[in-house]
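Colleague: Below is the file entry-v6.txt, with compact mmCIF, C-alpha atoms.
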# COMPACT_ATOMS: atom_id res chain seq x y z
CA MET L 160 21.69 -5.93 -7.36
CA PHE L 161 22.85 -4.22 -4.20
CA ASP L 162 24.22 -0.92 -5.54
CA ASP L 163 21.45 1.00 -3.76
CA TRP L 164 21.26 -1.25 -0.68
CA ASP L 165 22.31 1.53 1.70
CA ARG L 166 19.37 3.60 0.52
CA VAL L 167 16.54 1.13 -0.11
CA ALA L 168 17.09 -1.93 2.10
CA GLY L 169 14.34 -2.38 4.67
CA VAL L 170 16.77 -2.05 7.54
CA ARG L 171 17.73 1.37 6.17
CA ALA L 172 14.46 2.74 4.85
CA SER L 173 11.38 0.96 6.24
CA PRO L 174 9.42 2.38 9.17
CA ARG L 175 8.54 0.29 12.17
CA ARG L 176 5.14 -1.27 11.45
CA ILE L 177 2.74 -0.51 14.29
CA PHE L 178 -0.27 -2.73 14.95
CA ARG L 179 -3.33 -1.24 16.61
CA SER L 180 -6.26 -3.25 17.90
CA GLU L 181 -8.61 -0.77 16.24
CA ARG L 182 -8.32 -2.58 12.91
CA GLU L 183 -9.60 -1.33 9.61
CA ALA L 184 -13.29 -2.15 9.20
CA GLY L 185 -13.75 -5.69 8.02
CA CYS L 186 -10.03 -6.51 8.02
CA GLN L 187 -8.40 -9.45 9.75
CA LEU L 188 -4.90 -10.39 10.82
CA PHE L 189 -4.13 -12.83 8.02
CA PRO L 190 -5.66 -13.78 4.65
CA SER L 191 -8.57 -16.22 4.70
CA SER L 192 -6.86 -18.11 1.87
CA GLU L 193 -4.14 -19.09 4.35
CA LEU L 194 -6.69 -20.67 6.70
CA PRO L 195 -8.58 -23.17 4.51
CA TYR L 196 -9.53 -25.21 7.57
CA LEU L 197 -11.74 -22.41 8.94
CA GLN L 198 -14.51 -23.10 6.45
CA ALA L 199 -14.37 -26.85 7.09
CA ALA L 200 -14.64 -26.27 10.85
CA ARG L 201 -17.07 -23.35 10.67
CA GLY L 202 -19.91 -25.16 12.42
CA ASP L 203 -17.69 -25.85 15.43
CA LEU L 204 -16.45 -22.28 15.89
CA ASN L 205 -17.90 -19.05 17.19
CA ALA L 206 -16.65 -15.58 16.23
CA ARG L 207 -14.15 -15.47 19.09
CA ASP L 208 -12.74 -18.86 18.06
CA VAL L 209 -12.29 -17.67 14.48
CA ASP L 210 -10.51 -14.49 15.62
CA TYR L 211 -8.27 -16.61 17.83
CA LEU L 212 -7.39 -19.03 15.03
CA VAL L 213 -6.59 -16.20 12.61
CA ALA L 214 -4.23 -14.75 15.22
CA GLN L 215 -2.60 -18.16 15.72
CA ARG L 216 -2.09 -18.54 11.97
CA LEU L 217 -0.39 -15.15 11.88
CA TYR L 218 1.83 -16.18 14.79
CA GLU L 219 2.68 -19.42 12.99
CA TYR L 220 3.68 -17.52 9.86
CA LEU L 221 5.75 -15.00 11.81
CA ASN L 222 7.45 -17.68 13.92
CA PHE L 223 8.28 -19.67 10.80
CA THR L 224 9.85 -16.54 9.31
CA LEU L 225 11.78 -15.78 12.50
CA HIS L 226 13.28 -19.27 12.66
CA LEU L 227 13.84 -19.58 8.92
CA GLU L 228 15.80 -16.35 8.64
CA SER L 229 17.91 -16.81 11.74
CA ARG L 230 18.47 -20.57 11.77
CA VAL L 231 18.49 -21.64 8.11
CA VAL L 232 19.29 -18.73 5.82
CA ASN L 233 21.67 -16.79 8.02
CA ARG L 234 23.85 -19.74 8.93
CA ALA L 235 24.50 -20.25 5.20
CA LEU L 236 25.11 -16.54 4.70
CA LEU L 237 27.69 -16.51 7.48
CA THR L 238 29.62 -19.19 5.62
CA LEU L 239 29.34 -17.25 2.36
CA SER L 240 30.35 -13.92 3.87
CA HIS L 241 33.39 -15.53 5.48
CA GLY L 242 34.44 -16.99 2.12
CA ALA L 243 34.37 -20.48 3.62
CA ALA L 244 31.73 -22.07 1.40
CA GLY L 245 34.05 -23.77 -1.08
CA VAL L 246 32.58 -21.54 -3.77
CA GLY L 247 34.73 -19.04 -5.63
CA LEU L 248 33.01 -15.84 -4.54
CA THR L 249 34.15 -12.39 -5.54
CA ASP L 250 34.71 -9.84 -2.80
CA ARG L 251 31.50 -8.17 -3.90
CA MET L 252 29.47 -11.37 -3.53
CA ARG L 253 30.87 -11.88 -0.05
CA LEU L 254 29.88 -8.34 0.89
CA ASP L 255 26.42 -8.85 -0.60
CA ALA L 256 26.05 -12.04 1.45
CA CYS L 257 26.80 -9.97 4.54
CA ARG L 258 24.18 -7.44 3.47
CA ILE L 259 21.59 -10.19 3.06
CA TYR L 260 22.56 -11.49 6.50
CA THR L 261 21.79 -8.02 7.86
CA ASP L 262 18.46 -7.95 6.02
CA GLU L 263 17.45 -11.34 7.38
CA ALA L 264 18.35 -10.41 10.95
CA TYR L 265 16.21 -7.30 10.52
CA HIS L 266 13.30 -9.36 9.18
CA ALA L 267 13.58 -11.67 12.18
CA THR L 268 13.55 -8.66 14.50
CA CYS L 269 10.49 -7.18 12.82
CA THR L 270 8.55 -10.44 12.96
CA LEU L 271 9.24 -10.90 16.68
CA ASP L 272 8.23 -7.28 17.22
CA MET L 273 4.94 -7.89 15.42
CA ILE L 274 4.24 -11.06 17.41
CA GLN L 275 4.67 -9.13 20.64
CA GLN L 276 2.54 -6.21 19.42
CA VAL L 277 -0.33 -8.44 18.30
CA THR L 278 -0.18 -10.42 21.54
CA SER L 279 -0.36 -7.26 23.60
CA GLU L 280 -3.18 -5.69 21.58
CA THR L 281 -5.42 -8.74 21.06
CA GLY L 282 -4.78 -10.74 24.22
CA HIS L 283 -4.36 -13.91 22.12
CA LEU L 284 -1.25 -15.63 23.43
CA PRO L 285 0.84 -17.47 20.80
CA LEU L 286 0.95 -21.22 21.14
CA PRO L 287 4.41 -22.76 21.64
CA TYR L 288 6.12 -23.13 18.28
CA ASP L 289 8.52 -25.90 17.27
CA PHE L 290 10.46 -25.27 14.05
CA VAL L 291 10.35 -28.91 12.96
CA VAL L 292 11.57 -28.02 9.45
CA ILE L 293 15.21 -27.66 10.46
CA GLU L 294 15.30 -31.10 12.07
CA SER L 295 13.97 -32.69 8.88
CA LEU L 296 16.39 -30.75 6.68
CA ASP L 297 19.47 -31.56 8.73
CA LYS L 298 18.60 -35.20 9.37
CA ALA L 299 18.28 -35.86 5.64
CA ALA L 300 21.53 -34.05 4.86
CA CYS L 301 23.95 -36.71 6.15
CA GLU L 302 25.00 -38.15 2.79
CA VAL L 303 25.44 -34.74 1.17
CA GLU L 304 27.42 -33.44 4.14
CA SER L 305 29.70 -36.49 4.16
CA LEU L 306 30.65 -35.75 0.54
CA ALA L 307 30.72 -31.95 0.69
CA PRO L 308 30.59 -30.39 4.17
CA GLY L 309 28.51 -27.22 4.21
CA LEU L 310 26.81 -27.87 0.88
CA ALA L 311 23.46 -28.89 2.35
CA GLN L 312 23.11 -25.56 4.14
CA LEU L 313 23.80 -23.66 0.92
CA LEU L 314 21.17 -25.73 -0.89
CA GLN L 315 18.66 -25.11 1.90
CA ALA L 316 19.18 -21.36 1.71
CA THR L 317 18.93 -21.39 -2.09
CA VAL L 318 15.61 -23.21 -2.03
CA PHE L 319 14.06 -21.05 0.67
CA GLU L 320 15.27 -17.79 -0.85
CA THR L 321 13.90 -18.66 -4.29
CA THR L 322 10.53 -19.95 -3.05
CA ILE L 323 9.76 -17.27 -0.48
CA THR L 324 9.14 -14.63 -3.13
CA SER L 325 6.13 -16.68 -4.28
CA ILE L 326 4.86 -17.07 -0.73
CA LEU L 327 5.10 -13.34 -0.01
CA GLY L 328 3.74 -12.11 -3.31
CA ALA L 329 -0.01 -11.73 -2.81
CA ILE L 330 -0.47 -10.75 0.84
CA PRO L 331 0.68 -7.10 0.59
CA TYR L 332 -2.10 -6.48 -1.94
CA ASP L 333 -4.88 -8.13 0.09
CA ALA L 334 -7.06 -5.25 1.27
CA GLY L 335 -8.80 -7.64 3.67
CA VAL L 336 -5.68 -7.84 5.85
CA VAL L 337 -4.77 -5.20 8.44
CA GLY L 338 -2.32 -2.60 7.20
CA ALA L 339 0.49 -3.29 9.68
CA VAL L 340 0.74 -6.93 8.60
CA ARG L 341 0.54 -6.07 4.90
CA GLY L 342 3.22 -3.42 5.36
CA LEU L 343 5.50 -5.80 7.24
CA ILE L 344 5.22 -8.45 4.53
CA ALA L 345 5.63 -5.87 1.75
CA ASP L 346 8.88 -4.68 3.34
CA HIS L 347 10.08 -8.26 3.56
CA ALA L 348 9.11 -9.01 -0.04
CA ALA L 349 10.99 -5.98 -1.37
CA ASP L 350 14.23 -7.22 0.19
CA GLU L 351 13.58 -10.83 -0.81
CA ARG L 352 13.44 -9.95 -4.50
CA ARG L 353 17.13 -8.99 -4.28
CA HIS L 354 17.90 -12.09 -2.23
CA HIS L 355 16.21 -14.28 -4.82
CA ALA L 356 18.34 -12.75 -7.57
CA TYR L 357 21.51 -13.27 -5.53
CA PHE L 358 20.87 -16.96 -4.91
CA ALA L 359 19.74 -17.52 -8.49
CA ARG L 360 23.12 -16.19 -9.56
CA LEU L 361 24.98 -18.13 -6.87
CA PHE L 362 23.41 -21.54 -7.55
CA PRO L 363 25.23 -22.20 -10.87
CA GLN L 364 28.53 -21.63 -9.09
CA ILE L 365 27.55 -24.04 -6.35
CA TRP L 366 26.32 -26.70 -8.75
CA SER L 367 29.23 -26.45 -11.18
CA GLY L 368 31.60 -27.12 -8.29
CA CYS L 369 29.93 -30.46 -7.50
CA ASP L 370 31.33 -33.62 -9.05
CA ALA L 371 29.09 -36.43 -10.28
CA ALA L 372 28.99 -38.27 -6.94
CA ILE L 373 28.01 -35.13 -5.05
CA ARG L 374 25.31 -34.28 -7.60
CA ARG L 375 23.83 -37.77 -7.31
CA ALA L 376 23.38 -37.19 -3.57
CA ALA L 377 22.50 -33.50 -3.74
CA GLY L 378 19.80 -33.78 -6.41
CA PRO L 379 17.40 -35.99 -4.41
CA TYR L 380 18.23 -33.94 -1.33
CA LEU L 381 17.04 -30.82 -3.15
CA ALA L 382 13.70 -32.56 -3.74
CA HIS L 383 13.44 -33.17 0.01
CA VAL L 384 14.25 -29.53 0.79
CA VAL L 385 11.67 -28.16 -1.66
CA ALA L 386 8.94 -30.47 -0.35
CA THR L 387 9.79 -29.76 3.29
CA CYS L 388 9.97 -26.03 2.71
CA LEU L 389 6.41 -25.93 1.35
CA ALA L 390 4.63 -28.62 3.35
CA PRO L 391 1.90 -27.43 5.74
CA ASP L 392 2.64 -27.97 9.41
CA ILE L 393 -0.22 -30.38 10.07
CA GLY L 394 0.87 -31.02 13.66
CA HIS L 395 0.85 -27.36 14.62
CA THR L 396 -2.44 -26.74 12.81
CA LYS L 397 -4.03 -29.60 14.75
CA THR L 398 -2.77 -28.05 17.97
CA MET L 399 -4.32 -24.73 16.97
CA LEU L 400 -7.70 -26.31 16.21
CA MET L 401 -7.72 -28.26 19.46
CA SER L 402 -6.76 -25.17 21.45
CA ALA L 403 -9.85 -23.50 19.94
CA GLY L 404 -11.98 -26.30 21.37
CA LEU L 405 -12.17 -28.95 18.64
CA PRO L 406 -11.79 -32.55 19.83
CA ALA L 407 -8.79 -34.39 18.42
CA ASP L 408 -10.86 -36.62 16.12
CA ARG L 409 -12.77 -33.63 14.73
CA ALA L 410 -9.52 -31.75 14.14
CA ASP L 411 -8.15 -34.78 12.27
CA SER L 412 -11.28 -34.91 10.13
CA VAL L 413 -11.02 -31.21 9.24
CA LEU L 414 -7.35 -31.52 8.34
CA ALA L 415 -7.94 -34.61 6.21
CA THR L 416 -10.63 -32.75 4.32
CA VAL L 417 -8.54 -29.65 3.71
CA PHE L 418 -4.99 -30.92 3.28
CA THR L 419 -5.54 -33.67 0.75
CA PRO L 420 -2.44 -34.98 -1.04
CA GLU L 421 -3.71 -33.40 -4.25
CA SER L 422 -4.27 -29.94 -2.77
CA VAL L 423 -0.93 -29.92 -0.96
CA ALA L 424 0.91 -31.04 -4.11
CA SER L 425 -0.86 -28.47 -6.27
CA ARG L 426 0.02 -25.61 -3.93
CA SER L 427 3.61 -26.81 -3.58
CA ARG L 428 4.09 -26.91 -7.34
CA LEU L 429 2.74 -23.37 -7.63
CA MET L 430 4.96 -22.01 -4.87
CA ALA L 431 8.02 -23.88 -6.13
CA ARG L 432 7.77 -22.78 -9.76
CA HIS L 433 10.65 -20.28 -9.63
CA THR L 434 12.91 -22.73 -7.80
CA MET L 435 12.04 -25.53 -10.21
CA HIS L 436 12.83 -23.27 -13.17
CA LEU L 437 16.22 -22.48 -11.63
CA LEU L 438 17.02 -26.17 -11.09
CA SER L 439 15.83 -27.16 -14.56
CA SER L 440 17.91 -24.40 -16.14
CA HIS L 441 21.04 -25.99 -14.74
CA ASP L 442 20.18 -29.60 -15.62
CA VAL L 443 19.58 -30.71 -12.04
CA LEU L 444 16.59 -32.77 -13.16
CA GLU L 445 18.53 -34.59 -15.89
CA ASP L 446 19.65 -37.18 -13.34
CA THR L 447 17.15 -40.04 -13.18
CA GLN L 448 17.28 -40.48 -9.40
CA THR L 449 16.84 -36.77 -8.87
CA ARG L 450 13.91 -36.57 -11.25
CA ASP L 451 12.29 -39.56 -9.57
CA ALA L 452 12.75 -37.91 -6.17
CA PHE L 453 10.91 -34.79 -7.36
CA ALA L 454 8.23 -36.86 -9.08
CA ASN L 455 7.67 -38.99 -5.96
CA ARG L 456 6.95 -35.77 -4.06
CA SER L 457 4.51 -34.65 -6.78
CA LEU L 458 6.67 -31.62 -7.58
CA LEU L 459 6.81 -32.24 -11.35
What would you get if you wrote out this structure as structure tokens?
Modeller:
Amino acid sequence: MFDDWDRVAGVRASPRRIFRSEREAGCQLFPSSELPYLQAARGDLNARDVDYLVAQRLYEYLNFTLHLESRVVNRALLTLSHGAAGVGLTDRMRLDACRIYTDEAYHATCTLDMIQQVTSETGHLPLPYDFVVIESLDKAACEVESLAPGLAQLLQATVFETTITSILGAIPYDAGVVGAVRGLIADHAADERRHHAYFARLFPQIWSGCDAAIRRAAGPYLAHVVATCLAPDIGHTKTMLMSAGLPADRADSVLATVFTPESVASRSRLMARHTMHLLSSHDVLEDTQTRDAFANRSLL
């Protein structure tokens, strides 16, 4: 998977993506499909408000990526590259883990660079961002960690690295999005396809090393990770809407209209399809408690 890494990895081959405020005619900073609340709030927003909210959604996406790569994925990759994961890795797999670590640090750098470029060019200042995902993931990991220290972090990285390819897939081809953003995400997606393949190959080794007690704890935890990974950040979205001038009760009404349990579950199932296939292929869902945990989160 990584034979040509030195030649094709983004950190080796991709140019710096430069954002200019003179955008392509009719293009915006982020896809309209990623801002479903705009239509619901359209009557409350003027053109400047819409432009501001699109910028904030881009910042949210980029900040999520920055934190995800540096705080979730790379802490697991450090363990793997050091050979300290309790998984029998070959020397090559350890080296590849180090390469992915390098990729992810580069992606984090590029996303922060883009945030600063867009801020400078548009004048829209990013709202403060709290990466609440990591708190939820780590708080729920206590039982798994007590049985197998370090396992929860490997499971987190596996889920994120096998779902993110779905999240990144369409945006590079959306001609309605400015070129610098599409290029940045395309570069990321190209690297993530290799990362996905690595973790898909690694997961069977992780899972086969878990005894029955660990699997009983880890299976339901995986359901929590998948659901958390894909859940919309309702709190941050409300903050964005209110910062654009919507009263709190109106923002709540818009969010309730857009993020119904059915729509959130449907999108999560679509984005999680590759991860769910991986888990099913290795009998993770054969355990009743695990299957119930996924079903209770509407992931089946």
Colleague: I'd like the neighbourhood of Leu429 of chain L as number ranges by chain, where a residue qualifies if any of its atoms comes within 12 Å (using all atoms listed in the file), though same-chain residues fewer than 5 positions away should be ignored.
Modeller: L: 322-326, 385-386, 389, 422-424, 434-436, 457-459
Colleague: Could you name the residues that touch Thr261 of chain L at 12 Å or less, counting only C-alpha atoms, but leaving out those on the same chain fewer than 2 positions away, as a PyMOL selection string?
Modeller: chain L and resi 164-165+168-171+228-229+232-234+236-237+240+254-259+263-268+350+354
Colleague: Neighbours of segment 442-456 of chain L within 6 Å (only C-alpha atoms; same-chain residues fewer than 4 positions away dropped), as a compact mmCIF listing (two decimals) with C-alpha atoms, in the frame of the given file?
Modeller:
# COMPACT_ATOMS: atom_id res chain seq x y z
CA GLY L 378 19.80 -33.78 -6.41
CA PRO L 379 17.40 -35.99 -4.41
CA ALA L 382 13.70 -32.56 -3.74
CA LEU L 438 17.02 -26.17 -11.09
Colleague: Using all atoms listed in the file, which residues sit within 10 Å of segment 289-306 of chain L once same-chain residues fewer than 4 positions away are excluded, as a ChimeraX atom specification?
Modeller: /L:219,222-227,230-231,310-312,315,369-370,372-381,383-385,387-390,392,394-395
Colleague: Could you save the residues just selected, with C-alpha atoms, as a short mmCIF file (atom, residue, chain, number, x, y, z; two decimals), in the frame of the given file?
Modeller:
data_model
loop_
_atom_site.label_atom_id
_atom_site.label_comp_id
_atom_site.auth_asym_id
_atom_site.auth_seq_id
_atom_site.Cartn_x
_atom_site.Cartn_y
_atom_site.Cartn_z
CA GLU L 219 2.68 -19.42 12.99
CA ASN L 222 7.45 -17.68 13.92
CA PHE L 223 8.28 -19.67 10.80
CA THR L 224 9.85 -16.54 9.31
CA LEU L 225 11.78 -15.78 12.50
CA HIS L 226 13.28 -19.27 12.66
CA LEU L 227 13.84 -19.58 8.92
CA ARG L 230 18.47 -20.57 11.77
CA VAL L 231 18.49 -21.64 8.11
CA LEU L 310 26.81 -27.87 0.88
CA ALA L 311 23.46 -28.89 2.35
CA GLN L 312 23.11 -25.56 4.14
CA GLN L 315 18.66 -25.11 1.90
CA CYS L 369 29.93 -30.46 -7.50
CA ASP L 370 31.33 -33.62 -9.05
CA ALA L 372 28.99 -38.27 -6.94
CA ILE L 373 28.01 -35.13 -5.05
CA ARG L 374 25.31 -34.28 -7.60
CA ARG L 375 23.83 -37.77 -7.31
CA ALA L 376 23.38 -37.19 -3.57
CA ALA L 377 22.50 -33.50 -3.74
CA GLY L 378 19.80 -33.78 -6.41
CA PRO L 379 17.40 -35.99 -4.41
CA TYR L 380 18.23 -33.94 -1.33
CA LEU L 381 17.04 -30.82 -3.15
CA HIS L 383 13.44 -33.17 0.01
CA VAL L 384 14.25 -29.53 0.79
CA VAL L 385 11.67 -28.16 -1.66
CA THR L 387 9.79 -29.76 3.29
CA CYS L 388 9.97 -26.03 2.71
CA LEU L 389 6.41 -25.93 1.35
CA ALA L 390 4.63 -28.62 3.35
CA ASP L 392 2.64 -27.97 9.41
CA GLY L 394 0.87 -31.02 13.66
CA HIS L 395 0.85 -27.36 14.62
#
Colleague: Between atom CA of Ser367 of chain L and atom CA of Met252 of chain L, what distance in Å does the model show, to one decimal?
Modeller: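 Distance between the two atoms: 16.9 Å.
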Colleague: Name the residues in contact with Phe362 of chain L at a cut-off of 10 Å, using all atoms listed in the file, excluding same-chain residues fewer than 5 positions from it; report them as a PyMOL selection string.
Modeller: chain L and resi 246+313-314+317-318+357+367-368+437-438+441
Colleague: Would you work out the distance separating atom CA of Ala172 of chain L from atom CA of Leu343 of chain L, expressed in Å to one decimal?
Modeller: 12.6 Å
Colleague: Rounded to one decimal in Å, what is the spacing between atom CA of Glu351 of chain L and atom CA of Thr321 of chain L?
Modeller: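 For atom CA of Glu351 of chain L relative to atom CA of Thr321 of chain L, the distance reads 8.6 Å.
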Colleague: Using all atoms listed in the file, which of L:Ala235, L:Arg207, L:Met401, L:Phe189 sits nearest Pro308 of chain L?
Modeller: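 So, comparing all the options, the nearest one is L:Ala235.
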Colleague: My list of candidates is L:His283, L:Arg253, L:His241, L:Arg432. Which is closest to Ser180 of chain L when distances are computed with all atoms listed in the file?
Modeller: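 Of all the options, L:His283 lies closest to Ser180 of chain L.
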Colleague: Put the listed atoms of segment 307-319 of chain L in a box along x, y and z with 3 Å added on every side and give me the centre and edge lengths in Å to one decimal, as AutoDock Vina command-line options.
Modeller:
--center_x 22.4 --center_y -26.5 --center_z 1.1 --size_x 22.7 --size_y 16.9 --size_z 12.3
Colleague: Which one is closest to Tyr332 of chain L: L:Pro406, L:Gly309, L:Pro287, L:Pro190? Count only C-alpha atoms.
Modeller: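 Ranked by minimum distance to Tyr332 of chain L, first place goes to L:Pro190.
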Colleague: Compare L:Ile330, L:Leu361, L:Ala356, L:Val417 by their minimum atom-to-atom distance to Leu248 of chain L, counting all atoms listed in the file, and give me the closest one.
Modeller: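 Result for the nearest residue to Leu248 of chain L: L:Leu361.
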